[in-house]
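File shown: data.pdb (PDB, C-alpha atoms).
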```
ATOM      1  CA  MET A   1       8.401 -25.378   0.974  1.00  0.00           C
ATOM      2  CA  ALA A   2       9.026 -29.060   0.383  1.00  0.00           C
ATOM      3  CA  LYS A   3      11.999 -30.935   1.767  1.00  0.00           C
ATOM      4  CA  LEU A   4      15.072 -29.750  -0.079  1.00  0.00           C
ATOM      5  CA  GLU A   5      17.845 -31.886  -1.405  1.00  0.00           C
ATOM      6  CA  ASN A   6      21.373 -31.035  -0.409  1.00  0.00           C
ATOM      7  CA  ARG A   7      21.791 -28.347  -3.092  1.00  0.00           C
ATOM      8  CA  THR A   8      22.570 -25.533  -0.737  1.00  0.00           C
ATOM      9  CA  LEU A   9      25.322 -22.960  -0.565  1.00  0.00           C
ATOM     10  CA  ILE A  10      26.574 -20.761   2.254  1.00  0.00           C
ATOM     11  CA  ARG A  11      28.032 -17.491   1.041  1.00  0.00           C
ATOM     12  CA  GLU A  12      28.860 -14.049   2.336  1.00  0.00           C
ATOM     13  CA  ILE A  13      25.966 -11.596   2.338  1.00  0.00           C
ATOM     14  CA  SER A  14      26.915  -8.798  -0.037  1.00  0.00           C
ATOM     15  CA  GLN A  15      23.959  -6.579   0.873  1.00  0.00           C
ATOM     16  CA  VAL A  16      21.470  -7.053   3.701  1.00  0.00           C
ATOM     17  CA  THR A  17      17.919  -7.246   2.339  1.00  0.00           C
ATOM     18  CA  PHE A  18      14.468  -7.162   3.906  1.00  0.00           C
ATOM     19  CA  GLN A  19      14.423 -10.994   3.752  1.00  0.00           C
ATOM     20  CA  HIS A  20      17.703 -11.177   5.682  1.00  0.00           C
ATOM     21  CA  TYR A  21      16.372  -8.770   8.293  1.00  0.00           C
ATOM     22  CA  LYS A  22      13.194 -10.803   8.631  1.00  0.00           C
ATOM     23  CA  LEU A  23      15.326 -13.833   9.526  1.00  0.00           C
ATOM     24  CA  PHE A  24      17.553 -11.826  11.892  1.00  0.00           C
ATOM     25  CA  LEU A  25      14.371 -10.847  13.763  1.00  0.00           C
ATOM     26  CA  GLU A  26      13.388 -14.517  14.060  1.00  0.00           C
ATOM     27  CA  ALA A  27      16.516 -15.088  16.155  1.00  0.00           C
ATOM     28  CA  ASP A  28      16.575 -11.734  17.906  1.00  0.00           C
ATOM     29  CA  PRO A  29      13.286  -9.838  18.266  1.00  0.00           C
ATOM     30  CA  SER A  30      14.913  -6.442  18.850  1.00  0.00           C
ATOM     31  CA  ARG A  31      15.817  -4.339  15.829  1.00  0.00           C
ATOM     32  CA  LYS A  32      17.802  -2.087  18.183  1.00  0.00           C
ATOM     33  CA  VAL A  33      19.927  -5.000  19.416  1.00  0.00           C
ATOM     34  CA  ILE A  34      20.443  -6.339  15.874  1.00  0.00           C
ATOM     35  CA  ASP A  35      21.545  -2.889  14.697  1.00  0.00           C
ATOM     36  CA  SER A  36      24.085  -2.783  17.543  1.00  0.00           C
ATOM     37  CA  TYR A  37      26.037  -5.717  16.060  1.00  0.00           C
ATOM     38  CA  LEU A  38      25.061  -5.914  12.385  1.00  0.00           C
ATOM     39  CA  ASP A  39      27.671  -3.514  10.971  1.00  0.00           C
ATOM     40  CA  ARG A  40      30.546  -5.276  12.737  1.00  0.00           C
ATOM     41  CA  SER A  41      29.348  -8.791  11.882  1.00  0.00           C
ATOM     42  CA  PHE A  42      30.665 -11.302   9.402  1.00  0.00           C
ATOM     43  CA  LYS A  43      27.422 -12.026   7.538  1.00  0.00           C
ATOM     44  CA  PHE A  44      26.543 -15.260   5.720  1.00  0.00           C
ATOM     45  CA  GLU A  45      23.440 -16.689   4.077  1.00  0.00           C
ATOM     46  CA  LEU A  46      22.331 -20.228   3.317  1.00  0.00           C
ATOM     47  CA  ILE A  47      20.651 -20.421  -0.062  1.00  0.00           C
ATOM     48  CA  SER A  48      19.191 -23.004  -2.399  1.00  0.00           C
ATOM     49  CA  GLY A  49      18.880 -21.601  -5.905  1.00  0.00           C
ATOM     50  CA  LYS A  50      17.333 -18.180  -5.324  1.00  0.00           C
ATOM     51  CA  ASN A  51      15.715 -19.183  -2.027  1.00  0.00           C
ATOM     52  CA  LEU A  52      17.088 -17.741   1.210  1.00  0.00           C
ATOM     53  CA  LEU A  53      16.983 -20.550   3.781  1.00  0.00           C
ATOM     54  CA  GLY A  54      19.018 -19.179   6.663  1.00  0.00           C
ATOM     55  CA  VAL A  55      21.505 -16.677   8.049  1.00  0.00           C
ATOM     56  CA  ILE A  56      24.405 -16.617  10.464  1.00  0.00           C
ATOM     57  CA  LEU A  57      26.202 -13.570  11.881  1.00  0.00           C
ATOM     58  CA  LEU A  58      29.554 -13.786  13.660  1.00  0.00           C
ATOM     59  CA  VAL A  59      31.290 -11.059  15.650  1.00  0.00           C
ATOM     60  CA  ASN A  60      34.885 -10.839  16.808  1.00  0.00           C
ATOM     61  CA  THR A  61      34.336 -10.379  20.557  1.00  0.00           C
ATOM     62  CA  ARG A  62      37.818 -10.777  22.038  1.00  0.00           C
ATOM     63  CA  PRO A  63      41.246 -11.596  20.668  1.00  0.00           C
ATOM     64  CA  GLU A  64      41.036 -15.077  19.151  1.00  0.00           C
ATOM     65  CA  THR A  65      37.325 -15.456  20.025  1.00  0.00           C
ATOM     66  CA  VAL A  66      34.358 -15.131  17.684  1.00  0.00           C
ATOM     67  CA  GLU A  67      30.702 -15.319  18.679  1.00  0.00           C
ATOM     68  CA  ILE A  68      27.670 -16.449  16.714  1.00  0.00           C
ATOM     69  CA  VAL A  69      25.370 -13.533  17.533  1.00  0.00           C
ATOM     70  CA  ASN A  70      22.487 -14.414  15.228  1.00  0.00           C
ATOM     71  CA  ILE A  71      21.456 -17.610  13.489  1.00  0.00           C
ATOM     72  CA  ALA A  72      18.078 -18.380  11.949  1.00  0.00           C
ATOM     73  CA  VAL A  73      16.454 -20.764   9.491  1.00  0.00           C
ATOM     74  CA  GLU A  74      13.333 -20.009   7.458  1.00  0.00           C
ATOM     75  CA  LYS A  75      10.285 -21.499   9.229  1.00  0.00           C
ATOM     76  CA  SER A  76       9.190 -23.569   6.232  1.00  0.00           C
ATOM     77  CA  VAL A  77      12.464 -25.546   6.155  1.00  0.00           C
ATOM     78  CA  ARG A  78      13.205 -25.999   9.849  1.00  0.00           C
ATOM     79  CA  ASN A  79      14.076 -29.418  11.256  1.00  0.00           C
ATOM     80  CA  GLN A  80      15.862 -30.436   8.046  1.00  0.00           C
ATOM     81  CA  GLY A  81      19.441 -29.963   9.289  1.00  0.00           C
ATOM     82  CA  PHE A  82      19.983 -26.421   8.028  1.00  0.00           C
ATOM     83  CA  GLY A  83      20.551 -24.963  11.499  1.00  0.00           C
ATOM     84  CA  GLU A  84      23.205 -27.587  12.160  1.00  0.00           C
ATOM     85  CA  LYS A  85      24.755 -26.862   8.762  1.00  0.00           C
ATOM     86  CA  LEU A  86      24.995 -23.152   9.658  1.00  0.00           C
ATOM     87  CA  VAL A  87      26.482 -23.839  13.102  1.00  0.00           C
ATOM     88  CA  LYS A  88      29.085 -26.209  11.614  1.00  0.00           C
ATOM     89  CA  PHE A  89      29.886 -23.602   8.966  1.00  0.00           C
ATOM     90  CA  GLY A  90      30.482 -21.028  11.726  1.00  0.00           C
ATOM     91  CA  ILE A  91      32.823 -23.434  13.521  1.00  0.00           C
ATOM     92  CA  GLU A  92      34.815 -24.194  10.365  1.00  0.00           C
ATOM     93  CA  TRP A  93      34.942 -20.502   9.409  1.00  0.00           C
ATOM     94  CA  ALA A  94      36.338 -19.699  12.864  1.00  0.00           C
ATOM     95  CA  LYS A  95      39.013 -22.395  12.523  1.00  0.00           C
ATOM     96  CA  ILE A  96      40.038 -21.215   9.039  1.00  0.00           C
ATOM     97  CA  ASN A  97      40.275 -17.643  10.350  1.00  0.00           C
ATOM     98  CA  ASN A  98      42.562 -18.693  13.221  1.00  0.00           C
ATOM     99  CA  TYR A  99      40.201 -18.205  16.144  1.00  0.00           C
ATOM    100  CA  ASN A 100      40.903 -20.302  19.266  1.00  0.00           C
ATOM    101  CA  SER A 101      37.302 -20.419  20.451  1.00  0.00           C
ATOM    102  CA  ILE A 102      33.758 -19.801  19.310  1.00  0.00           C
ATOM    103  CA  GLU A 103      30.894 -18.785  21.583  1.00  0.00           C
ATOM    104  CA  ILE A 104      27.143 -18.493  21.366  1.00  0.00           C
ATOM    105  CA  GLY A 105      24.448 -17.264  23.707  1.00  0.00           C
ATOM    106  CA  THR A 106      20.897 -18.561  23.825  1.00  0.00           C
ATOM    107  CA  GLY A 107      17.832 -18.157  25.950  1.00  0.00           C
ATOM    108  CA  SER A 108      17.379 -20.415  28.952  1.00  0.00           C
ATOM    109  CA  THR A 109      13.971 -21.320  27.470  1.00  0.00           C
ATOM    110  CA  SER A 110      15.382 -22.031  23.978  1.00  0.00           C
ATOM    111  CA  PHE A 111      15.341 -25.797  24.393  1.00  0.00           C
ATOM    112  CA  ALA A 112      15.740 -26.805  20.720  1.00  0.00           C
ATOM    113  CA  GLN A 113      18.590 -24.350  20.163  1.00  0.00           C
ATOM    114  CA  LEU A 114      20.330 -25.436  23.346  1.00  0.00           C
ATOM    115  CA  TYR A 115      20.137 -29.057  22.197  1.00  0.00           C
ATOM    116  CA  LEU A 116      21.530 -28.166  18.756  1.00  0.00           C
ATOM    117  CA  TYR A 117      24.485 -26.192  20.097  1.00  0.00           C
ATOM    118  CA  GLN A 118      25.453 -28.948  22.525  1.00  0.00           C
ATOM    119  CA  LYS A 119      25.029 -31.554  19.768  1.00  0.00           C
ATOM    120  CA  CYS A 120      27.522 -29.517  17.708  1.00  0.00           C
ATOM    121  CA  GLY A 121      30.070 -29.550  20.558  1.00  0.00           C
ATOM    122  CA  PHE A 122      29.400 -26.360  22.529  1.00  0.00           C
ATOM    123  CA  ARG A 123      29.529 -26.523  26.333  1.00  0.00           C
ATOM    124  CA  ILE A 124      27.675 -24.278  28.774  1.00  0.00           C
ATOM    125  CA  ILE A 125      30.135 -21.937  30.487  1.00  0.00           C
ATOM    126  CA  GLY A 126      27.856 -19.524  32.282  1.00  0.00           C
ATOM    127  CA  VAL A 127      24.614 -17.634  32.717  1.00  0.00           C
ATOM    128  CA  ASP A 128      23.899 -13.942  32.159  1.00  0.00           C
ATOM    129  CA  PRO A 129      21.047 -13.450  34.671  1.00  0.00           C
ATOM    130  CA  ASP A 130      18.192 -11.196  33.502  1.00  0.00           C
ATOM    131  CA  PHE A 131      19.936 -10.514  30.163  1.00  0.00           C
ATOM    132  CA  PHE A 132      16.667 -10.492  28.215  1.00  0.00           C
ATOM    133  CA  VAL A 133      14.806  -8.506  30.880  1.00  0.00           C
ATOM    134  CA  ASP A 134      17.530  -5.841  30.980  1.00  0.00           C
ATOM    135  CA  ASN A 135      18.176  -5.583  27.208  1.00  0.00           C
ATOM    136  CA  TYR A 136      14.755  -5.957  25.583  1.00  0.00           C
ATOM    137  CA  GLU A 137      11.860  -3.534  25.873  1.00  0.00           C
ATOM    138  CA  GLU A 138       9.131  -6.183  25.555  1.00  0.00           C
ATOM    139  CA  PRO A 139       8.979  -9.481  27.442  1.00  0.00           C
ATOM    140  CA  ILE A 140       9.906 -12.507  25.328  1.00  0.00           C
ATOM    141  CA  ILE A 141       7.710 -15.574  25.763  1.00  0.00           C
ATOM    142  CA  GLU A 142       9.223 -18.826  24.549  1.00  0.00           C
ATOM    143  CA  ASN A 143       7.889 -22.336  25.162  1.00  0.00           C
ATOM    144  CA  ASN A 144       5.205 -20.719  27.348  1.00  0.00           C
ATOM    145  CA  LEU A 145       7.852 -19.279  29.673  1.00  0.00           C
ATOM    146  CA  VAL A 146       9.064 -15.717  30.174  1.00  0.00           C
ATOM    147  CA  LEU A 147      12.637 -15.590  28.921  1.00  0.00           C
ATOM    148  CA  ARG A 148      14.936 -13.965  31.453  1.00  0.00           C
ATOM    149  CA  ASP A 149      18.439 -15.467  31.369  1.00  0.00           C
ATOM    150  CA  MET A 150      20.998 -16.058  28.636  1.00  0.00           C
ATOM    151  CA  LEU A 151      23.021 -19.250  28.692  1.00  0.00           C
ATOM    152  CA  ARG A 152      26.561 -18.785  27.402  1.00  0.00           C
ATOM    153  CA  LEU A 153      28.172 -21.660  25.484  1.00  0.00           C
ATOM    154  CA  LYS A 154      31.692 -22.057  24.163  1.00  0.00           C
ATOM    155  CA  MET A 155      33.773 -24.396  22.059  1.00  0.00           C
ATOM    156  CA  LYS A 156      37.557 -24.453  22.041  1.00  0.00           C
ATOM    157  CA  LEU A 157      38.871 -24.924  18.525  1.00  0.00           C
TER     158      LEU A 157
END
```
Full structure transcribed into structure tokens:
Amino acid sequence: MAKLENRTLIREISQVTFQHYKLFLEADPSRKVIDSYLDRSFKFELISGKNLLGVILLVNTRPETVEIVNIAVEKSVRNQGFGEKLVKFGIEWAKINNYNSIEIGTGSTSFAQLYLYQKCGFRIIGVDPDFFVDNYEEPIIENNLVLRDMLRLKMKL
């Protein structure tokens, strides 16, 4: 897909489709894990015309805290600012809905995602050692490294 102009819209997902699920799996390779949070998620899609460009799922994790549990952009339009647009949408949505903080977890080998989240104002607050080893049946290889640990990031709103 060619570079898109800024004619995009983020809206609530009324019904999860195969295309949505395909994107969810880009961010989280376990259908079992996705199914564990999908029903309780606030679900949004980034679209341009009829084209699905990205998704973001948020879950209320604690009183006054929401977490971005899944965020993905279609491969053909990556590196065009859509991931940042989705993250900023999640932050604004959390503010509007009176949350005091927003969190996100990412793999310790997810260098591009880690950069993006910090660029958007998230700060690393901890590590969940062996999270991906303990919660995923198959090893995840990312940037030629075996993914083991989850980095936890947070932003106070």
Check: By how many Å are CA of Leu57 in chain A and CA of Asp39 in chain A apart?
Finding: 10.2 Å
Notebook entry, point to check: When you draw a straight line from CA of Leu114 in chain A to CA of Met150 in chain A, how long is it in Å?
Noted result: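 Straight-line distance from CA of Leu114 in chain A to CA of Met150 in chain A works out to 10.8 Å.
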Item checked: Pick from A:Phe24, A:Phe131, A:Phe122, A:Tyr136, whichever lies nearest to Glu45 in chain A using only C-alpha atoms ->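 Checking each of A:Phe24, A:Phe131, A:Phe122, A:Tyr136 against Glu45 in chain A, counting only C-alpha atoms, the winner is A:Phe24.
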Next item on the list: Find the spatial neighbours of Pro129 in chain A, counting all atoms listed in the file, within a cut-off of 10 Å - ignore same-chain residues fewer than 4 positions away - and output them as a list in words.
Entry: Ser108, Val133, Asp134, Arg148, Asp149, Met150 and Leu151 of chain A
Please produce a file of those selected residues containing C-alpha atoms, as a PDB file, in the coordinates of the input.
```pdb
ATOM      1  CA  SER A 108      17.379 -20.415  28.952  1.00  0.00           C
ATOM      2  CA  VAL A 133      14.806  -8.506  30.880  1.00  0.00           C
ATOM      3  CA  ASP A 134      17.530  -5.841  30.980  1.00  0.00           C
ATOM      4  CA  ARG A 148      14.936 -13.965  31.453  1.00  0.00           C
ATOM      5  CA  ASP A 149      18.439 -15.467  31.369  1.00  0.00           C
ATOM      6  CA  MET A 150      20.998 -16.058  28.636  1.00  0.00           C
ATOM      7  CA  LEU A 151      23.021 -19.250  28.692  1.00  0.00           C
TER       8      LEU A 151
END
```
Check: Which is closer to Pro63 in chain A than all the others in A:Leu116, A:Val16, A:Leu147, A:Ile102, using all atoms listed in the file?
Finding: A:Ile102
Next item on the list: Tell me which of A:Ile96, A:Val77, A:Ile10, A:Val69 sits closest to Phe44 in chain A, counting all atoms listed in the file.
Entry: A:Ile10
Item checked: A:Leu52, A:Ala112, A:Ile141, A:Val66 ranked by distance to Trp93 in chain A, top pick (using only C-alpha atoms) ->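 The shortest atom-to-atom distance to Trp93 in chain A comes from A:Val66.
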Margin query: Using all atoms listed in the file, list the residues that have an atom at most 10 Å from (42.9, -15.4, 21.4), coordinates as in the file, as a list in words.
Written below: Thr61, Arg62, Pro63, Glu64, Thr65, Val66, Asn98, Tyr99, Asn100 and Ser101 of chain A
Note to self: As an exercise, work out the distance from CA of Glu103 in chain A to CA of Lys88 in chain A in Å and give it to one decimal place.
What the structure shows: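 Result for CA of Glu103 in chain A versus CA of Lys88 in chain A: 12.6 Å, one decimal.
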Next item on the list: Point out the residue among A:Ser76, A:Gly126, A:Asn135, A:Asn144 with the least atom-to-atom distance to Asn51 in chain A, counting only C-alpha atoms.
Entry: A:Ser76
Note to self: Using all atoms listed in the file, which protein or nucleic acid residues come within 7 Å of Arg123 in chain A? Drop anything in the same chain fewer than 4 positions from it, and give the result as a PyMOL selection string.
What the structure shows: chain A and resi 118+153-155
Margin query: Using only C-alpha atoms for the distances, tell me which of A:Val59, A:Ala94, A:Val146, A:Leu23 is nearest to Arg40 in chain A.
Written below: A:Val59
Which residues are near Glu74 in chain A? Cut-off 12 Å, only C-alpha atoms, ignore same chain within fewer than 6 positions. Put them as a PDB file with C-alpha atoms, keeping the file's coordinate frame.
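Output contents, as saved in result-v8.pdb:
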```
ATOM      1  CA  MET A   1       8.401 -25.378   0.974  1.00  0.00           C
ATOM      2  CA  GLN A  19      14.423 -10.994   3.752  1.00  0.00           C
ATOM      3  CA  HIS A  20      17.703 -11.177   5.682  1.00  0.00           C
ATOM      4  CA  TYR A  21      16.372  -8.770   8.293  1.00  0.00           C
ATOM      5  CA  LYS A  22      13.194 -10.803   8.631  1.00  0.00           C
ATOM      6  CA  LEU A  23      15.326 -13.833   9.526  1.00  0.00           C
ATOM      7  CA  PHE A  24      17.553 -11.826  11.892  1.00  0.00           C
ATOM      8  CA  LEU A  25      14.371 -10.847  13.763  1.00  0.00           C
ATOM      9  CA  GLU A  26      13.388 -14.517  14.060  1.00  0.00           C
ATOM     10  CA  ALA A  27      16.516 -15.088  16.155  1.00  0.00           C
ATOM     11  CA  GLU A  45      23.440 -16.689   4.077  1.00  0.00           C
ATOM     12  CA  LEU A  46      22.331 -20.228   3.317  1.00  0.00           C
ATOM     13  CA  ILE A  47      20.651 -20.421  -0.062  1.00  0.00           C
ATOM     14  CA  SER A  48      19.191 -23.004  -2.399  1.00  0.00           C
ATOM     15  CA  ASN A  51      15.715 -19.183  -2.027  1.00  0.00           C
ATOM     16  CA  LEU A  52      17.088 -17.741   1.210  1.00  0.00           C
ATOM     17  CA  LEU A  53      16.983 -20.550   3.781  1.00  0.00           C
ATOM     18  CA  GLY A  54      19.018 -19.179   6.663  1.00  0.00           C
ATOM     19  CA  VAL A  55      21.505 -16.677   8.049  1.00  0.00           C
ATOM     20  CA  ILE A  56      24.405 -16.617  10.464  1.00  0.00           C
ATOM     21  CA  GLN A  80      15.862 -30.436   8.046  1.00  0.00           C
ATOM     22  CA  GLY A  81      19.441 -29.963   9.289  1.00  0.00           C
ATOM     23  CA  PHE A  82      19.983 -26.421   8.028  1.00  0.00           C
ATOM     24  CA  GLY A  83      20.551 -24.963  11.499  1.00  0.00           C
TER      25      GLY A  83
END
```
Item checked: Residue neighbourhood Thr109 in chain A, 7 Å, only C-alpha atoms, exclusion window fewer than 6 positions, as a ChimeraX atom specification -> /A:142-143,145,147
Using the selection just defined, write its residues with C-alpha atoms as a PDB file, in the coordinates of the input.
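To be explicit, this is the file written out as selection.pdb:
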```
ATOM      1  CA  GLU A 142       9.223 -18.826  24.549  1.00  0.00           C
ATOM      2  CA  ASN A 143       7.889 -22.336  25.162  1.00  0.00           C
ATOM      3  CA  LEU A 145       7.852 -19.279  29.673  1.00  0.00           C
ATOM      4  CA  LEU A 147      12.637 -15.590  28.921  1.00  0.00           C
TER       5      LEU A 147
END
```
Export range 55-88 of chain A from the structure block above, keeping N, CA and C atoms, as a PDB file, in the first residue's frame.
```
ATOM      1  N   VAL A  55      -4.903  -1.602  15.015  1.00  0.00           N
ATOM      2  CA  VAL A  55      -5.810  -1.903  16.128  1.00  0.00           C
ATOM      3  C   VAL A  55      -5.132  -1.535  17.444  1.00  0.00           C
ATOM      4  N   ILE A  56      -5.961  -1.266  18.434  1.00  0.00           N
ATOM      5  CA  ILE A  56      -5.479  -1.069  19.794  1.00  0.00           C
ATOM      6  C   ILE A  56      -6.544  -1.615  20.742  1.00  0.00           C
ATOM      7  N   LEU A  57      -6.097  -2.381  21.737  1.00  0.00           N
ATOM      8  CA  LEU A  57      -6.979  -2.934  22.759  1.00  0.00           C
ATOM      9  C   LEU A  57      -6.510  -2.432  24.112  1.00  0.00           C
ATOM     10  N   LEU A  58      -7.452  -1.950  24.917  1.00  0.00           N
ATOM     11  CA  LEU A  58      -7.147  -1.462  26.259  1.00  0.00           C
ATOM     12  C   LEU A  58      -7.978  -2.228  27.270  1.00  0.00           C
ATOM     13  N   VAL A  59      -7.362  -2.521  28.419  1.00  0.00           N
ATOM     14  CA  VAL A  59      -8.044  -3.263  29.478  1.00  0.00           C
ATOM     15  C   VAL A  59      -7.893  -2.507  30.788  1.00  0.00           C
ATOM     16  N   ASN A  60      -9.004  -2.404  31.510  1.00  0.00           N
ATOM     17  CA  ASN A  60      -8.997  -1.836  32.851  1.00  0.00           C
ATOM     18  C   ASN A  60      -8.330  -2.869  33.760  1.00  0.00           C
ATOM     19  N   THR A  61      -7.123  -2.551  34.263  1.00  0.00           N
ATOM     20  CA  THR A  61      -6.373  -3.535  35.043  1.00  0.00           C
ATOM     21  C   THR A  61      -6.502  -3.344  36.544  1.00  0.00           C
ATOM     22  N   ARG A  62      -6.563  -2.104  36.972  1.00  0.00           N
ATOM     23  CA  ARG A  62      -6.711  -1.765  38.394  1.00  0.00           C
ATOM     24  C   ARG A  62      -7.546  -0.504  38.460  1.00  0.00           C
ATOM     25  N   PRO A  63      -8.054  -0.162  39.641  1.00  0.00           N
ATOM     26  CA  PRO A  63      -8.788   1.100  39.726  1.00  0.00           C
ATOM     27  C   PRO A  63      -7.921   2.249  39.206  1.00  0.00           C
ATOM     28  N   GLU A  64      -8.473   2.994  38.285  1.00  0.00           N
ATOM     29  CA  GLU A  64      -7.845   4.188  37.716  1.00  0.00           C
ATOM     30  C   GLU A  64      -6.627   3.895  36.849  1.00  0.00           C
ATOM     31  N   THR A  65      -6.430   2.634  36.447  1.00  0.00           N
ATOM     32  CA  THR A  65      -5.328   2.265  35.559  1.00  0.00           C
ATOM     33  C   THR A  65      -5.872   1.448  34.387  1.00  0.00           C
ATOM     34  N   VAL A  66      -5.441   1.812  33.193  1.00  0.00           N
ATOM     35  CA  VAL A  66      -5.789   1.067  31.990  1.00  0.00           C
ATOM     36  C   VAL A  66      -4.483   0.637  31.327  1.00  0.00           C
ATOM     37  N   GLU A  67      -4.514  -0.515  30.666  1.00  0.00           N
ATOM     38  CA  GLU A  67      -3.318  -1.012  29.999  1.00  0.00           C
ATOM     39  C   GLU A  67      -3.590  -1.238  28.520  1.00  0.00           C
ATOM     40  N   ILE A  68      -2.652  -0.823  27.689  1.00  0.00           N
ATOM     41  CA  ILE A  68      -2.687  -1.187  26.270  1.00  0.00           C
ATOM     42  C   ILE A  68      -2.166  -2.623  26.213  1.00  0.00           C
ATOM     43  N   VAL A  69      -3.054  -3.560  25.896  1.00  0.00           N
ATOM     44  CA  VAL A  69      -2.661  -4.971  25.897  1.00  0.00           C
ATOM     45  C   VAL A  69      -2.362  -5.504  24.501  1.00  0.00           C
ATOM     46  N   ASN A  70      -2.753  -4.743  23.476  1.00  0.00           N
ATOM     47  CA  ASN A  70      -2.474  -5.171  22.112  1.00  0.00           C
ATOM     48  C   ASN A  70      -2.520  -3.938  21.225  1.00  0.00           C
ATOM     49  N   ILE A  71      -1.513  -3.793  20.400  1.00  0.00           N
ATOM     50  CA  ILE A  71      -1.468  -2.689  19.443  1.00  0.00           C
ATOM     51  C   ILE A  71      -0.685  -3.182  18.237  1.00  0.00           C
ATOM     52  N   ALA A  72      -1.240  -2.974  17.052  1.00  0.00           N
ATOM     53  CA  ALA A  72      -0.579  -3.453  15.838  1.00  0.00           C
ATOM     54  C   ALA A  72      -0.968  -2.585  14.657  1.00  0.00           C
ATOM     55  N   VAL A  73      -0.029  -2.476  13.720  1.00  0.00           N
ATOM     56  CA  VAL A  73      -0.249  -1.738  12.474  1.00  0.00           C
ATOM     57  C   VAL A  73       0.023  -2.698  11.323  1.00  0.00           C
ATOM     58  N   GLU A  74      -0.815  -2.626  10.308  1.00  0.00           N
ATOM     59  CA  GLU A  74      -0.660  -3.446   9.105  1.00  0.00           C
ATOM     60  C   GLU A  74       0.752  -3.281   8.540  1.00  0.00           C
ATOM     61  N   LYS A  75       1.395  -4.396   8.196  1.00  0.00           N
ATOM     62  CA  LYS A  75       2.791  -4.374   7.734  1.00  0.00           C
ATOM     63  C   LYS A  75       3.037  -3.384   6.605  1.00  0.00           C
ATOM     64  N   SER A  76       2.114  -3.302   5.662  1.00  0.00           N
ATOM     65  CA  SER A  76       2.328  -2.478   4.470  1.00  0.00           C
ATOM     66  C   SER A  76       2.350  -0.978   4.753  1.00  0.00           C
ATOM     67  N   VAL A  77       1.890  -0.566   5.946  1.00  0.00           N
ATOM     68  CA  VAL A  77       1.862   0.873   6.257  1.00  0.00           C
ATOM     69  C   VAL A  77       2.649   1.216   7.531  1.00  0.00           C
ATOM     70  N   ARG A  78       3.543   0.331   7.922  1.00  0.00           N
ATOM     71  CA  ARG A  78       4.358   0.608   9.104  1.00  0.00           C
ATOM     72  C   ARG A  78       5.353   1.722   8.804  1.00  0.00           C
ATOM     73  N   ASN A  79       5.841   2.328   9.884  1.00  0.00           N
ATOM     74  CA  ASN A  79       6.819   3.415   9.802  1.00  0.00           C
ATOM     75  C   ASN A  79       6.268   4.652   9.102  1.00  0.00           C
ATOM     76  N   GLN A  80       4.958   4.871   9.242  1.00  0.00           N
ATOM     77  CA  GLN A  80       4.314   6.071   8.706  1.00  0.00           C
ATOM     78  C   GLN A  80       3.608   6.862   9.809  1.00  0.00           C
ATOM     79  N   GLY A  81       3.868   6.517  11.070  1.00  0.00           N
ATOM     80  CA  GLY A  81       3.288   7.262  12.186  1.00  0.00           C
ATOM     81  C   GLY A  81       1.983   6.709  12.719  1.00  0.00           C
ATOM     82  N   PHE A  82       1.505   5.605  12.169  1.00  0.00           N
ATOM     83  CA  PHE A  82       0.215   5.072  12.618  1.00  0.00           C
ATOM     84  C   PHE A  82       0.292   4.435  14.003  1.00  0.00           C
ATOM     85  N   GLY A  83       1.410   3.799  14.323  1.00  0.00           N
ATOM     86  CA  GLY A  83       1.586   3.251  15.668  1.00  0.00           C
ATOM     87  C   GLY A  83       1.565   4.361  16.707  1.00  0.00           C
ATOM     88  N   GLU A  84       2.262   5.439  16.431  1.00  0.00           N
ATOM     89  CA  GLU A  84       2.274   6.582  17.340  1.00  0.00           C
ATOM     90  C   GLU A  84       0.873   7.181  17.470  1.00  0.00           C
ATOM     91  N   LYS A  85       0.165   7.252  16.358  1.00  0.00           N
ATOM     92  CA  LYS A  85      -1.211   7.771  16.385  1.00  0.00           C
ATOM     93  C   LYS A  85      -2.095   6.906  17.293  1.00  0.00           C
ATOM     94  N   LEU A  86      -1.946   5.590  17.222  1.00  0.00           N
ATOM     95  CA  LEU A  86      -2.728   4.689  18.063  1.00  0.00           C
ATOM     96  C   LEU A  86      -2.350   4.831  19.540  1.00  0.00           C
ATOM     97  N   VAL A  87      -1.057   4.917  19.830  1.00  0.00           N
ATOM     98  CA  VAL A  87      -0.620   5.080  21.218  1.00  0.00           C
ATOM     99  C   VAL A  87      -1.176   6.387  21.782  1.00  0.00           C
ATOM    100  N   LYS A  88      -1.055   7.469  21.029  1.00  0.00           N
ATOM    101  CA  LYS A  88      -1.552   8.775  21.502  1.00  0.00           C
ATOM    102  C   LYS A  88      -3.071   8.749  21.674  1.00  0.00           C
TER     103      LYS A  88
END
```
